[in-house]
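A short write-up of the structure that comes next.
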Amino acid sequence: MQEASPPIVLVFGPFDPTGSAFLPADAITCAALGGHAISAVTALHIQDTANVEDVQDISPDIIDDQARCLLEDMSVRAIKAGPLYTTDAVRVLAQIAADYADVPLVVHLAGVPQVFASNEHDLEEVNAALCELLLPQTDLVIIEDSLLSQWGNDGVLPGRGAGHLADTLRSFGTPWVLTTGETLRPGHRAYVLRGPDQQVFNWAWHAPQARTANLDGPLACALTVALGQGKALPGAAEDAIKATVELTARTFRPGMGSRLINRTAP
């Protein structure tokens, strides 16, 4: 008897050979959460568990070919993207999102490797492209609150307005923004979801017991799978947070750098 197909989610992201973050780690995470991940690689990391030594960008034509080949073959229920390191990668994804506007898009805004501080990547241009081209096509943005505050202080976000910086992101067209680790009051941090009509929801956030790489990546995967299953916000966020807390509690240290999430643990 043929089994029902799990929701298929398309992941755009860099390839991390350590398996700590992004691809292929996101594919394993999606599988653990009930989704089947297909992928379009946007960059190649050269790294170990401690440091990223170099990043090689994938050409926009190849990113586009990877994604469209999959989209024309399979019924994709949701898309996860991030991080994106070049304006070309952002433009490709924005066009694909426009062509598949009925497919929910989750964008994970994350910090970039330190190696970018000394190369030709213009991070301000990339962030401007993200805000102006991609966020209008995005259903949900996920970002760590400390990174969002850093971008605000550094003037990285274009057109900063009054109110919380999450509302600045929403002003570009994305209806929902989820910040992680946001301080609501001294000693109390939370996941905070801001949405249409000034809706605000929050759930308790607890610091991990050990320094672990890419804690928000599994949350972005969980939300993408939840949207692919047809769940709606804010309920999808609550379910994803619960699943992610359980998943990220299991870690191991395979090398000399950060601890990794043990995605194989039962």
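Residues are referred to by chain and number: the chain letter is A, B, ... according to the order shown in the structure tokens, the number counts from 1 in that chain, and ligands are numbered separately from 1 in the order shown.
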
Would you list the contacts of segment 244-258 of chain A as number ranges by chain, taking every protein, DNA or RNA residue within 6 Å and counting only C-alpha atoms, but skipping same-chain residues closer than 5 positions in sequence? A: 49-50, 212, 219

Dump as an mmCIF file, in the first residue's frame, selection limited to C-alpha atoms:
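That gives us selection09.cif:
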data_model
loop_
_atom_site.group_PDB
_atom_site.id
_atom_site.type_symbol
_atom_site.label_atom_id
_atom_site.label_comp_id
_atom_site.auth_asym_id
_atom_site.auth_seq_id
_atom_site.Cartn_x
_atom_site.Cartn_y
_atom_site.Cartn_z
ATOM 1 C CA THR A 49 33.513 23.091 13.945
ATOM 2 C CA ALA A 50 35.497 26.083 15.226
ATOM 3 C CA THR A 212 25.693 25.290 20.471
ATOM 4 C CA LEU A 219 13.360 26.505 14.601
#

Which residues in segment 97-131 of chain A does DSSP call strand (DSSP E or B)? List them as an MDAnalysis selection string. chainID A and resid 105:109

Which is closer to Val156 of chain A than all the others in A:Gln137, A:Val126, A:Glu144, A:Val11, using only C-alpha atoms? A:Val126

Which residues in segment 30-193 of chain A does DSSP call alpha helix (DSSP H)? List them as number ranges by chain. A: 30-32, 60-71, 87-99, 123-129, 145-154, 165-170

Write out as CSV the residues of segment 45-145 of chain A that have any atom within 12 Å of an atom of segment 233-241 of chain A, one row each with the nearest atom pair and its distance in Å to one decimal, counting only C-alpha atoms, sorted by chain and then rising number.
residue,atom,partner,partner_atom,distance
A:Pro104,CA,A:Leu233,CA,11.6
A:Val106,CA,A:Ala237,CA,11.8
A:Asp139,CA,A:Leu233,CA,10.0
A:Leu140,CA,A:Leu233,CA,9.3
A:Val141,CA,A:Ala237,CA,11.6
A:Ile142,CA,A:Ala237,CA,10.6

Spatial neighbours of segment 186-198 of chain A, 8 Å, only C-alpha atoms, chain gap at least 4 places, as number ranges by chain: A: 166-167, 175-182, 202-206, 234

Residues as selected, C-alpha atoms, written as a PDB file, in the first residue's frame, can you do that?
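So part.pdb came out as:
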ATOM      1  CA  ALA A 166      10.919  43.823  14.076  1.00  0.00           C
ATOM      2  CA  ASP A 167       8.264  46.291  12.973  1.00  0.00           C
ATOM      3  CA  PRO A 175       3.381  39.952   7.728  1.00  0.00           C
ATOM      4  CA  TRP A 176       5.100  38.025  10.541  1.00  0.00           C
ATOM      5  CA  VAL A 177       8.456  38.417  12.327  1.00  0.00           C
ATOM      6  CA  LEU A 178       9.660  36.034  15.049  1.00  0.00           C
ATOM      7  CA  THR A 179      12.521  37.267  17.237  1.00  0.00           C
ATOM      8  CA  THR A 180      14.366  34.847  19.503  1.00  0.00           C
ATOM      9  CA  GLY A 181      15.938  35.594  22.863  1.00  0.00           C
ATOM     10  CA  GLU A 182      14.246  38.989  23.151  1.00  0.00           C
ATOM     11  CA  ASN A 202       5.414  35.440  23.197  1.00  0.00           C
ATOM     12  CA  TRP A 203       6.737  32.194  24.625  1.00  0.00           C
ATOM     13  CA  ALA A 204       9.485  31.705  27.199  1.00  0.00           C
ATOM     14  CA  TRP A 205      13.044  31.412  25.860  1.00  0.00           C
ATOM     15  CA  HIS A 206      15.743  29.703  27.904  1.00  0.00           C
ATOM     16  CA  PRO A 234       0.554  31.754  15.631  1.00  0.00           C
TER      17      PRO A 234
END

Could you tell me how far atom CA of His108 of chain A lies from atom CA of Ala40 of chain A, in Å and to one decimal? 15.1 Å

With only C-alpha atoms as the counted atoms, please give the residues lying no more than 9 Å from segment 70-78 of chain A, apart from itself and same-chain residues fewer than 2 positions off, as a tab-separated table (two decimals) with C-alpha atoms, in the first residue's frame.
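So result.tsv came out as:
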chain	number	residue	atom	x	y	z
A	7	PRO	CA	5.17	17.65	3.09
A	8	ILE	CA	7.98	18.55	0.71
A	9	VAL	CA	9.96	21.66	1.69
A	10	LEU	CA	12.60	23.39	-0.42
A	11	VAL	CA	15.63	24.68	1.48
A	38	ILE	CA	14.91	19.09	-1.09
A	39	SER	CA	17.58	21.74	-1.53
A	40	ALA	CA	19.27	24.42	-3.59
A	65	ASP	CA	18.52	25.94	-12.16
A	66	GLN	CA	18.70	23.81	-9.00
A	67	ALA	CA	15.50	25.27	-7.58
A	68	ARG	CA	13.38	25.32	-10.74
A	80	LYS	CA	13.00	27.96	3.81
A	100	TYR	CA	5.47	30.54	-6.61
A	102	ASP	CA	1.19	30.46	-3.16
A	103	VAL	CA	4.05	28.57	-1.45
A	104	PRO	CA	4.81	29.86	2.09
A	105	LEU	CA	8.31	31.32	2.42
A	106	VAL	CA	10.27	31.37	5.70
A	224	THR	CA	8.71	25.62	7.51
A	225	VAL	CA	7.53	22.05	8.01
A	226	ALA	CA	4.57	23.26	10.09
A	227	LEU	CA	3.50	25.69	7.36
A	228	GLY	CA	3.99	22.92	4.81
A	229	GLN	CA	1.59	20.80	6.86
A	230	GLY	CA	-1.02	23.53	6.52

Counting only C-alpha atoms, the residue among A:Gln95, A:Asn153, A:Asn214, A:Asn262 that lies closest to Phe22 of chain A is A:Asn214
